[in-house]
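This is upload.pdb (PDB, C-alpha atoms (C1' of nucleotides)).
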MODEL        1
ATOM      1  CA  MET M   1      -8.430  -7.607  21.639
ATOM      2  CA  ARG M   2      -8.407  -7.405  17.869
ATOM      3  CA  LEU M   3      -5.885  -5.438  15.824
ATOM      4  CA  ALA M   4      -5.975  -4.828  12.091
ATOM      5  CA  THR M   5      -3.949  -3.342   9.277
ATOM      6  CA  TRP M   6      -5.222  -2.078   5.924
ATOM      7  CA  ASN M   7      -3.618  -0.279   3.038
ATOM      8  CA  VAL M   8      -6.619   1.781   1.937
ATOM      9  CA  ASN M   9      -4.995   3.418  -1.131
ATOM     10  CA  SER M  10      -6.443   6.888  -0.502
ATOM     11  CA  LEU M  11      -8.507   7.446   2.608
ATOM     12  CA  ALA M  12     -10.387  10.228   0.825
ATOM     13  CA  VAL M  13     -11.787   7.654  -1.585
ATOM     14  CA  ARG M  14     -12.054   4.778   0.877
ATOM     15  CA  LEU M  15     -13.491   6.507   3.970
ATOM     16  CA  PRO M  16     -17.028   5.143   3.495
ATOM     17  CA  GLN M  17     -15.634   1.635   3.049
ATOM     18  CA  LEU M  18     -13.452   2.017   6.141
ATOM     19  CA  LEU M  19     -16.410   3.155   8.239
ATOM     20  CA  ASP M  20     -18.531   0.274   6.930
ATOM     21  CA  TRP M  21     -15.762  -2.182   7.667
ATOM     22  CA  LEU M  22     -15.228  -0.874  11.195
ATOM     23  CA  LYS M  23     -18.940  -1.173  11.863
ATOM     24  CA  ALA M  24     -18.867  -4.825  10.811
ATOM     25  CA  ASN M  25     -15.437  -5.426  12.374
ATOM     26  CA  PRO M  26     -15.197  -3.321  15.538
ATOM     27  CA  VAL M  27     -11.487  -3.924  16.055
ATOM     28  CA  ASP M  28      -9.715  -2.266  18.974
ATOM     29  CA  ALA M  29      -7.038  -0.758  16.772
ATOM     30  CA  ILE M  30      -6.321  -0.448  13.072
ATOM     31  CA  ALA M  31      -3.233   0.771  11.246
ATOM     32  CA  LEU M  32      -3.864   2.422   7.897
ATOM     33  CA  GLN M  33      -1.420   2.919   5.056
ATOM     34  CA  GLU M  34      -1.482   5.086   1.935
ATOM     35  CA  THR M  35      -3.939   7.576   3.355
ATOM     36  CA  LYS M  36      -2.527  10.092   0.827
ATOM     37  CA  LEU M  37      -3.789  12.980   2.945
ATOM     38  CA  THR M  38      -2.069  15.824   4.718
ATOM     39  CA  ASP M  39      -3.047  15.945   8.388
ATOM     40  CA  ASP M  40      -5.293  18.979   7.893
ATOM     41  CA  LYS M  41      -7.382  16.981   5.421
ATOM     42  CA  PHE M  42      -7.687  13.879   7.606
ATOM     43  CA  PRO M  43     -11.355  12.909   8.236
ATOM     44  CA  GLN M  44     -10.871  13.210  11.980
ATOM     45  CA  ALA M  45     -14.490  13.953  12.917
ATOM     46  CA  GLU M  46     -15.967  11.057  10.942
ATOM     47  CA  ILE M  47     -13.554   8.557  12.449
ATOM     48  CA  GLU M  48     -13.953   9.900  15.980
ATOM     49  CA  ALA M  49     -17.713   9.652  15.534
ATOM     50  CA  ALA M  50     -17.172   5.962  14.768
ATOM     51  CA  GLY M  51     -15.574   5.624  18.200
ATOM     52  CA  TYR M  52     -11.867   5.802  17.448
ATOM     53  CA  ALA M  53      -9.073   8.010  18.664
ATOM     54  CA  VAL M  54      -6.918   9.183  15.783
ATOM     55  CA  GLN M  55      -3.165   9.358  15.360
ATOM     56  CA  ARG M  56      -2.223  10.368  11.839
ATOM     57  CA  PHE M  57       0.945  11.154   9.997
ATOM     58  CA  GLY M  58       0.312  12.191   6.435
ATOM     59  CA  GLN M  59       1.742  13.977   3.454
ATOM     60  CA  LYS M  60       0.508  15.200   0.141
ATOM     61  CA  THR M  61      -0.249  12.749  -2.681
ATOM     62  CA  TYR M  62       1.717   9.724  -1.498
ATOM     63  CA  ASN M  63       2.183   7.509   1.543
ATOM     64  CA  GLY M  64       0.602   8.648   4.816
ATOM     65  CA  VAL M  65      -0.236   6.399   7.769
ATOM     66  CA  ALA M  66      -2.655   6.468  10.685
ATOM     67  CA  LEU M  67      -3.384   4.541  13.848
ATOM     68  CA  LEU M  68      -6.981   4.385  15.046
ATOM     69  CA  THR M  69      -7.685   3.032  18.532
ATOM     70  CA  ARG M  70     -10.705   2.518  20.762
ATOM     71  CA  GLY M  71      -8.944   4.341  23.585
ATOM     72  CA  ASP M  72      -5.997   6.595  24.189
ATOM     73  CA  VAL M  73      -2.507   5.763  23.048
ATOM     74  CA  ALA M  74       0.750   6.866  24.682
ATOM     75  CA  ALA M  75       4.236   7.587  23.358
ATOM     76  CA  VAL M  76       3.220   8.281  19.775
ATOM     77  CA  GLN M  77       6.116   8.026  17.344
ATOM     78  CA  LYS M  78       6.119   9.157  13.724
ATOM     79  CA  ASN M  79       8.658   7.551  11.380
ATOM     80  CA  ILE M  80      11.828   5.810  12.519
ATOM     81  CA  PRO M  81      13.872   7.817  15.041
ATOM     82  CA  GLY M  82      17.251   8.816  13.674
ATOM     83  CA  PHE M  83      16.362   7.784  10.124
ATOM     84  CA  ASP M  84      15.995  10.861   7.984
ATOM     85  CA  ASP M  85      12.925  10.241   5.835
ATOM     86  CA  GLU M  86      10.877  12.696   3.822
ATOM     87  CA  GLN M  87       8.121  10.120   3.416
ATOM     88  CA  ALA M  88       5.424   9.505   6.051
ATOM     89  CA  ARG M  89       5.537   5.755   6.584
ATOM     90  CA  VAL M  90       5.392   4.875  10.288
ATOM     91  CA  ILE M  91       3.014   5.637  13.138
ATOM     92  CA  ALA M  92       3.424   3.924  16.487
ATOM     93  CA  GLY M  93       1.770   4.154  19.858
ATOM     94  CA  THR M  94       1.375   2.206  23.089
ATOM     95  CA  TYR M  95      -2.158   0.913  23.470
ATOM     96  CA  VAL M  96      -3.331  -1.097  26.507
ATOM     97  CA  GLY M  97       0.206  -2.187  27.214
ATOM     98  CA  VAL M  98       1.036  -3.188  23.653
ATOM     99  CA  ARG M  99       3.495  -1.287  21.509
ATOM    100  CA  VAL M 100       1.676  -1.040  18.175
ATOM    101  CA  ILE M 101       3.755  -0.062  15.145
ATOM    102  CA  GLY M 102       1.982   0.598  11.871
ATOM    103  CA  ALA M 103       4.325   0.660   8.895
ATOM    104  CA  TYR M 104       4.153   1.293   5.172
ATOM    105  CA  ILE M 105       7.390  -0.235   3.957
ATOM    106  CA  PRO M 106       8.647   1.221   0.657
ATOM    107  CA  ASN M 107       7.665  -0.576  -2.512
ATOM    108  CA  GLY M 108      11.086  -0.460  -4.128
ATOM    109  CA  GLN M 109       9.717  -0.151  -7.667
ATOM    110  CA  SER M 110      12.319  -2.376  -9.332
ATOM    111  CA  VAL M 111      15.513  -4.014  -8.217
ATOM    112  CA  ASP M 112      17.769  -1.740 -10.294
ATOM    113  CA  SER M 113      16.068   1.484  -9.194
ATOM    114  CA  GLU M 114      17.170   4.059  -6.655
ATOM    115  CA  LYS M 115      13.990   3.252  -4.752
ATOM    116  CA  PHE M 116      15.133  -0.293  -4.120
ATOM    117  CA  GLY M 117      18.212   0.997  -2.299
ATOM    118  CA  TYR M 118      15.946   3.254  -0.246
ATOM    119  CA  LYS M 119      13.825   0.225   0.609
ATOM    120  CA  MET M 120      16.893  -1.713   1.764
ATOM    121  CA  ARG M 121      18.159   1.165   3.926
ATOM    122  CA  TRP M 122      14.663   1.703   5.279
ATOM    123  CA  LEU M 123      14.295  -1.950   6.270
ATOM    124  CA  GLU M 124      17.679  -1.938   7.998
ATOM    125  CA  ALA M 125      16.688   1.152   9.996
ATOM    126  CA  LEU M 126      13.367  -0.462  10.864
ATOM    127  CA  ARG M 127      15.052  -3.611  12.140
ATOM    128  CA  ALA M 128      17.475  -1.648  14.330
ATOM    129  CA  TRP M 129      14.690   0.502  15.748
ATOM    130  CA  VAL M 130      12.322  -2.415  16.425
ATOM    131  CA  ALA M 131      15.177  -4.184  18.228
ATOM    132  CA  THR M 132      15.440  -1.283  20.672
ATOM    133  CA  GLU M 133      11.665  -0.965  20.945
ATOM    134  CA  LEU M 134      11.436  -4.614  21.981
ATOM    135  CA  GLN M 135      13.764  -3.949  24.891
ATOM    136  CA  SER M 136      11.440  -1.336  26.355
ATOM    137  CA  HIS M 137       8.189  -2.908  25.074
ATOM    138  CA  PRO M 138       8.337  -6.717  25.119
ATOM    139  CA  GLN M 139       4.698  -6.787  24.035
ATOM    140  CA  LEU M 140       4.941  -5.452  20.497
ATOM    141  CA  VAL M 141       3.009  -5.723  17.239
ATOM    142  CA  LEU M 142       4.555  -4.660  13.929
ATOM    143  CA  MET M 143       1.905  -4.565  11.246
ATOM    144  CA  GLY M 144       1.320  -2.984   7.900
ATOM    145  CA  ASP M 145       2.052  -3.167   4.204
ATOM    146  CA  TYR M 146       5.497  -4.772   4.087
ATOM    147  CA  ASN M 147       5.736  -4.881   0.304
ATOM    148  CA  ILE M 148       7.440  -8.245   0.782
ATOM    149  CA  ALA M 149       6.075 -11.684  -0.056
ATOM    150  CA  PRO M 150       8.034 -13.694   2.514
ATOM    151  CA  GLU M 151       7.931 -17.070   0.769
ATOM    152  CA  ASP M 152       6.988 -18.616  -2.561
ATOM    153  CA  ARG M 153       3.714 -19.815  -1.047
ATOM    154  CA  ASP M 154       2.805 -16.136  -0.644
ATOM    155  CA  VAL M 155       2.931 -15.605  -4.430
ATOM    156  CA  TYR M 156       0.374 -16.806  -6.993
ATOM    157  CA  ASP M 157       3.060 -17.435  -9.606
ATOM    158  CA  PRO M 158       6.430 -17.749  -7.859
ATOM    159  CA  VAL M 159       8.233 -18.598 -11.103
ATOM    160  CA  ALA M 160       7.063 -15.459 -12.872
ATOM    161  CA  TRP M 161       7.810 -13.359  -9.765
ATOM    162  CA  ALA M 162      11.200 -14.899  -8.986
ATOM    163  CA  GLY M 163      13.739 -12.133  -8.486
ATOM    164  CA  GLN M 164      11.138  -9.407  -9.003
ATOM    165  CA  VAL M 165      10.659  -6.645  -6.489
ATOM    166  CA  LEU M 166       8.568  -7.842  -3.484
ATOM    167  CA  CYS M 167      10.016 -11.341  -3.943
ATOM    168  CA  THR M 168      13.797 -10.910  -4.081
ATOM    169  CA  PRO M 169      16.119 -12.793  -1.730
ATOM    170  CA  GLU M 170      17.308  -9.445  -0.336
ATOM    171  CA  GLU M 171      13.794  -8.384   0.658
ATOM    172  CA  ARG M 172      13.022 -11.816   2.075
ATOM    173  CA  ALA M 173      16.234 -11.693   4.090
ATOM    174  CA  HIS M 174      15.070  -8.412   5.619
ATOM    175  CA  PHE M 175      11.758 -10.029   6.516
ATOM    176  CA  GLN M 176      13.644 -12.889   8.159
ATOM    177  CA  GLY M 177      15.765 -10.305   9.956
ATOM    178  CA  LEU M 178      12.608  -9.030  11.628
ATOM    179  CA  ILE M 179      11.629 -12.598  12.493
ATOM    180  CA  GLY M 180      15.118 -12.966  13.942
ATOM    181  CA  LEU M 181      14.323 -10.263  16.489
ATOM    182  CA  GLY M 182      11.876 -12.704  18.041
ATOM    183  CA  LEU M 183       8.812 -11.699  16.039
ATOM    184  CA  VAL M 184       6.422 -14.242  14.587
ATOM    185  CA  ASP M 185       4.169 -14.004  11.532
ATOM    186  CA  ALA M 186       0.762 -14.341  13.231
ATOM    187  CA  PHE M 187      -0.903 -15.477  10.012
ATOM    188  CA  ARG M 188       1.283 -18.560   9.791
ATOM    189  CA  LEU M 189       0.474 -19.682  13.325
ATOM    190  CA  PHE M 190      -2.782 -21.019  11.906
ATOM    191  CA  GLU M 191      -3.971 -23.231   9.116
ATOM    192  CA  GLN M 192      -5.064 -20.940   6.305
ATOM    193  CA  PRO M 193      -7.152 -21.268   3.161
ATOM    194  CA  PRO M 194      -5.225 -21.875  -0.068
ATOM    195  CA  LYS M 195      -3.940 -18.842  -1.987
ATOM    196  CA  PRO M 196      -4.340 -16.438   0.924
ATOM    197  CA  TRP M 197      -3.348 -13.201  -0.766
ATOM    198  CA  SER M 198      -3.659  -9.720   0.733
ATOM    199  CA  TRP M 199      -3.108  -7.771  -2.488
ATOM    200  CA  TRP M 200      -4.318  -8.176  -6.067
ATOM    201  CA  ASP M 201      -3.279  -5.988  -8.989
ATOM    202  CA  TYR M 202      -6.055  -3.757 -10.261
ATOM    203  CA  ARG M 203      -5.230  -4.914 -13.777
ATOM    204  CA  ASN M 204      -5.784  -8.183 -15.598
ATOM    205  CA  LEU M 205      -8.862  -9.205 -13.620
ATOM    206  CA  ALA M 206      -6.361 -10.306 -11.002
ATOM    207  CA  PHE M 207      -8.842 -10.462  -8.142
ATOM    208  CA  ARG M 208     -11.394 -12.423 -10.146
ATOM    209  CA  LYS M 209      -8.644 -14.881 -11.089
ATOM    210  CA  ASN M 210      -7.283 -14.792  -7.518
ATOM    211  CA  GLN M 211      -3.828 -13.836  -8.729
ATOM    212  CA  GLY M 212      -2.259 -11.997  -5.827
ATOM    213  CA  LEU M 213       0.459 -11.786  -3.234
ATOM    214  CA  ARG M 214       0.528 -11.844   0.560
ATOM    215  CA  ILE M 215       2.447  -8.686   1.392
ATOM    216  CA  ASP M 216       0.464  -7.266   4.337
ATOM    217  CA  HIS M 217       1.552  -8.794   7.604
ATOM    218  CA  ILE M 218       1.094  -8.744  11.365
ATOM    219  CA  LEU M 219       4.204  -9.716  13.301
ATOM    220  CA  VAL M 220       3.904 -10.181  17.061
ATOM    221  CA  SER M 221       6.615 -10.413  19.679
ATOM    222  CA  GLU M 222       7.482 -13.576  21.576
ATOM    223  CA  ALA M 223       5.827 -12.179  24.708
ATOM    224  CA  LEU M 224       2.508 -11.908  22.831
ATOM    225  CA  ARG M 225       2.704 -15.161  20.912
ATOM    226  CA  SER M 226       0.749 -17.241  23.431
ATOM    227  CA  ARG M 227      -2.085 -14.698  23.270
ATOM    228  CA  VAL M 228      -2.571 -14.944  19.508
ATOM    229  CA  ALA M 229      -5.958 -16.598  19.046
ATOM    230  CA  GLY M 230      -6.404 -16.106  15.315
ATOM    231  CA  CYS M 231      -5.269 -14.212  12.219
ATOM    232  CA  VAL M 232      -7.194 -13.789   8.994
ATOM    233  CA  ILE M 233      -7.204 -11.810   5.779
ATOM    234  CA  ASP M 234     -10.623 -10.329   5.057
ATOM    235  CA  LYS M 235     -11.140 -10.470   1.294
ATOM    236  CA  LEU M 236     -14.641  -9.014   1.439
ATOM    237  CA  PRO M 237     -13.684  -5.329   1.011
ATOM    238  CA  ARG M 238     -11.828  -6.248  -2.179
ATOM    239  CA  LYS M 239     -15.238  -7.108  -3.649
ATOM    240  CA  ASN M 240     -16.547  -3.578  -3.094
ATOM    241  CA  GLU M 241     -17.052  -1.146  -5.909
ATOM    242  CA  ARG M 242     -13.864   0.927  -6.210
ATOM    243  CA  PRO M 243     -11.956  -1.229  -3.739
ATOM    244  CA  SER M 244      -8.479  -0.749  -2.414
ATOM    245  CA  ASP M 245      -6.097  -3.164  -4.069
ATOM    246  CA  HIS M 246      -5.237  -4.469  -0.563
ATOM    247  CA  ALA M 247      -7.381  -6.417   1.896
ATOM    248  CA  PRO M 248      -7.324  -5.907   5.678
ATOM    249  CA  VAL M 249      -5.502  -8.361   7.933
ATOM    250  CA  VAL M 250      -6.845  -8.962  11.445
ATOM    251  CA  VAL M 251      -5.231 -10.575  14.479
ATOM    252  CA  GLU M 252      -7.037 -11.618  17.635
ATOM    253  CA  LEU M 253      -5.198 -11.481  20.962
ATOM    254  CA  ALA M 254      -6.722 -13.325  23.898
TER
ATOM    255  C1'  DA Q 255       1.776  -7.978 -25.417
ATOM    256  C1'  DT Q 256       6.467  -2.441 -24.606
ATOM    257  C1'  DG Q 257      -0.613  -3.442 -22.274
ATOM    258  C1'  DA Q 258      -4.154  -3.953 -18.963
ATOM    259  C1'  DC Q 259      -6.151  -0.343 -13.399
ATOM    260  C1'  DT Q 260      -6.553   3.299  -9.913
ATOM    261  C1'  DC Q 261      -5.083   7.264  -7.512
ATOM    262  C1'  DC Q 262      -3.111  11.786  -7.464
ATOM    263  C1'  DC Q 263      -1.977  16.361  -9.291
ATOM    264  C1'  DA Q 264      -2.457  18.217 -12.968
ATOM    265  C1'  DG Q 265      -4.621  20.404 -16.716
ATOM    266  C1'  DT Q 266      -6.419  17.567 -22.469
ATOM    267  C1'  DG Q 267      -0.773  13.730 -19.694
ATOM    268  C1'  DG Q 268       2.369  11.370 -16.387
ATOM    269  C1'  DG Q 269       4.261   9.327 -12.017
ATOM    270  C1'  DA Q 270       3.581   5.786  -8.690
ATOM    271  C1'  DG Q 271       1.865   1.813  -6.965
ATOM    272  C1'  DA Q 272       3.047  -3.576  -6.694
TER
ENDMDL
END

Take the structure in the file and give it back as C-alpha cells.
Amino acid sequence: MRLATWNVNSLAVRLPQLLDWLKANPVDAIALQETKLTDDKFPQAEIEAAGYAVQRFGQKTYNGVALLTRGDVAAVQKNIPGFDDEQARVIAGTYVGVRVIGAYIPNGQSVDSEKFGYKMRWLEALRAWVATELQSHPQLVLMGDYNIAPEDRDVYDPVAWAGQVLCTPEERAHFQGLIGLGLVDAFRLFEQPPKPWSWWDYRNLAFRKNQGLRIDHILVSEALRSRVAGCVIDKLPRKNERPSDHAPVVVELA
DNA sequence: ATGACTCCCAGTGGGAGA
C-alpha cells in the first residue's frame, strides 16, 4: 500500500498535474493541502473518474484539505475535535485498517505574529488529539504539510534560517512531541539523497539552485513501523510549468 | 537588497504563503 501527501497550492490550478501524477503514481491514498476550494467547487467528478473516493474539507481562498482513497473510508473527521478552528486544516479517515490523518499545519508567518501563537496552540491540540487517536487506532499515519523543518539537515541554509519561523526551537519541540507519542518520521528510516527538500520558494530561482526545506512529512505509528518499505520525495512535479511550491511525499507500506 | 514568485479576491492593489 502506498500513501502520499501533497500541498498542491490551489487544486483549481493544479488539478491536471494531480491527475497526471496519480496516473504515474497510482497510490492507494493521498492527502492534499491548500486546495483553496469550497466543497461545492471541488472537482469531485474528475477525481472520481480517476478512481478515487473523495473526502474534502475546504473553505474559500485559503487552506482546504482533502483525502483521496482507492476505496471507502470510515469515521471521517474534519479538523481537530474540541479545538475551535475557523480554518479547514485536517481531514482524517480510516482506510483498510489504517487511521490516516491529513494535516495542513499553520505556517505561523513570523515568530512575533499572532499567527505564531495560533500555530503553537494548534500543534498542542493536534498532539493531544493524536494521542487519543492512537489509543483507538494503533495503526496510524499522520501526514501533510507540517510547516516545520525538524532538524538543521532539513534546511538548505540552517544559519540563515536559525530562529526563523519553520525552524524555531519551539516548532521543533512540537515536532518532537509528536515523535514522543510513538510516531516515526518514515523518511528518515531510509538513506536519502543529499538536500532532500520538499518545498522551494517560488522566488530567487530557489528550485534551480536547490535551496529548499523539508517541511512535508509522513509520520507512522510504532505498530506500522515494521511495514514501512520506503519513503521518497518526488521532485518531478516541481519541474512542471506552473508547479506547486511543494513536492509530494510517498510512503510504501508492505 | 525594505526585492524577487504565485495564488486568491479583487478590481488598475494587497494579503498570504514559507

Query raised in the report: Mind telling me what the PyMOL selection byres ((chain M) within 6 of (chain Q)) catches here, as a list in words?
Result: Thr61, Tyr202, Arg203 and Asn204 of chain M

Requested in this report: Just give me the gap between atom CA of M:Cys231 and atom CA of M:Leu68 in Å, one decimal is fine.
Outcome: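 For atom CA of M:Cys231 relative to atom CA of M:Leu68, the distance reads 18.9 Å.
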
Query - Interatomic distance, atom CA of M:Asn9 to atom CA of M:Arg56 (Å, one decimal) - result: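 Taking atom CA of M:Asn9 and atom CA of M:Arg56, their separation equals 15.0 Å.
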
Query raised in the report: What does the distance from atom CA of M:Ile47 to atom CA of M:Val65 come to in Å, to one decimal?
Result: 14.3 Å

Query - Surrounding residues of M:Lys60 excluding itself and chain neighbours under 2 positions, 7 Å, only C-alpha atoms (C1' of nucleotides), as a PyMOL selection string - result: chain M and resi 36-38+58+62

**Report entry** For M:Gly163, the nearest of the candidates M:Ala131, M:Val98, M:Val111, M:Met120, counting only C-alpha atoms
**Finding:**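 Result for the nearest residue to M:Gly163: M:Val111.
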
Kindly provide the residues of stretch 180-223 of chain M that approach stretch 99-110 of chain M to within 12 Å, each paired with its closest atom pair and their distance in Å to one decimal, based on only C-alpha atoms, listed by chain and increasing number, as JSON lines.
{"residue": "M:Ile215", "atom": "CA", "partner": "M:Ile105", "partner_atom": "CA", "distance": 10.1}
{"residue": "M:Asp216", "atom": "CA", "partner": "M:Tyr104", "partner_atom": "CA", "distance": 9.4}
{"residue": "M:His217", "atom": "CA", "partner": "M:Ala103", "partner_atom": "CA", "distance": 9.9}
{"residue": "M:Ile218", "atom": "CA", "partner": "M:Gly102", "partner_atom": "CA", "distance": 9.4}
{"residue": "M:Leu219", "atom": "CA", "partner": "M:Ile101", "partner_atom": "CA", "distance": 9.8}
{"residue": "M:Val220", "atom": "CA", "partner": "M:Val100", "partner_atom": "CA", "distance": 9.5}
{"residue": "M:Ser221", "atom": "CA", "partner": "M:Arg99", "partner_atom": "CA", "distance": 9.8}
{"residue": "M:Ala223", "atom": "CA", "partner": "M:Arg99", "partner_atom": "CA", "distance": 11.6}

Report task. Could you give me, as a VMD selection string, the residues within 8 Å of M:Val228, counting all atoms listed in the file and dropping anything in the same chain fewer than 4 positions from it? Result -> chain M and resid 186 224 251 to 254

Requested in this report: Run the PyMOL selection byres ((chain M and resi 242) around 9) on the file and write out the hits as a VMD selection string.
Outcome: (chain M and resid 13 to 14 238 to 241 243 to 244) or (chain Q and resid 260)

Requested write-out: C-alpha atoms (C1' of nucleotides) of the selected residues, as an mmCIF file, keeping the file's coordinate frame:
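Contents of part19.cif, as written:
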data_model
loop_
_atom_site.group_PDB
_atom_site.id
_atom_site.type_symbol
_atom_site.label_atom_id
_atom_site.label_comp_id
_atom_site.auth_asym_id
_atom_site.auth_seq_id
_atom_site.Cartn_x
_atom_site.Cartn_y
_atom_site.Cartn_z
ATOM 1 C CA VAL M 13 -11.787 7.654 -1.585
ATOM 2 C CA ARG M 14 -12.054 4.778 0.877
ATOM 3 C CA ARG M 238 -11.828 -6.248 -2.179
ATOM 4 C CA LYS M 239 -15.238 -7.108 -3.649
ATOM 5 C CA ASN M 240 -16.547 -3.578 -3.094
ATOM 6 C CA GLU M 241 -17.052 -1.146 -5.909
ATOM 7 C CA PRO M 243 -11.956 -1.229 -3.739
ATOM 8 C CA SER M 244 -8.479 -0.749 -2.414
ATOM 9 C "C1'" DT Q 260 -6.553 3.299 -9.913
#

Requested in this report: Mind checking which residues fall within 10 Å of M:Ala75, counting all atoms listed in the file, ignoring those fewer than 6 positions away in the same chain, and posting them as a ChimeraX atom specification?
Outcome: /M:92-95,99

Write stretch 99-112 of chain M as a compact mmCIF listing (two decimals), in the coordinates of the input, completed to N, CA and C atoms.
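As a result, rebuild_12.txt now contains:
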# COMPACT_ATOMS: atom_id res chain seq x y z
N ARG M 99 2.88 -2.23 22.44
CA ARG M 99 3.50 -1.29 21.51
C ARG M 99 3.02 -1.65 20.10
N VAL M 100 2.24 -0.77 19.50
CA VAL M 100 1.68 -1.04 18.18
C VAL M 100 2.39 -0.16 17.16
N ILE M 101 3.05 -0.79 16.20
CA ILE M 101 3.76 -0.06 15.14
C ILE M 101 3.06 -0.35 13.82
N GLY M 102 2.57 0.71 13.20
CA GLY M 102 1.98 0.60 11.87
C GLY M 102 2.99 1.11 10.86
N ALA M 103 3.26 0.31 9.84
CA ALA M 103 4.32 0.66 8.90
C ALA M 103 3.88 0.48 7.45
N TYR M 104 4.31 1.42 6.62
CA TYR M 104 4.15 1.29 5.17
C TYR M 104 5.55 1.21 4.58
N ILE M 105 6.02 0.00 4.43
CA ILE M 105 7.39 -0.24 3.96
C ILE M 105 7.47 0.13 2.48
N PRO M 106 8.56 0.77 2.05
CA PRO M 106 8.65 1.22 0.66
C PRO M 106 8.45 0.07 -0.33
N ASN M 107 7.91 0.43 -1.47
CA ASN M 107 7.66 -0.58 -2.51
C ASN M 107 8.96 -1.04 -3.18
N GLY M 108 9.83 -0.09 -3.49
CA GLY M 108 11.09 -0.46 -4.13
C GLY M 108 11.10 -0.39 -5.64
N GLN M 109 9.91 -0.34 -6.22
CA GLN M 109 9.72 -0.15 -7.67
C GLN M 109 10.33 -1.25 -8.54
N SER M 110 11.65 -1.29 -8.61
CA SER M 110 12.32 -2.38 -9.33
C SER M 110 13.71 -2.51 -8.75
N VAL M 111 14.27 -3.69 -8.92
CA VAL M 111 15.51 -4.01 -8.22
C VAL M 111 16.65 -3.05 -8.60
N ASP M 112 16.66 -2.59 -9.84
CA ASP M 112 17.77 -1.74 -10.29
C ASP M 112 17.48 -0.25 -10.11
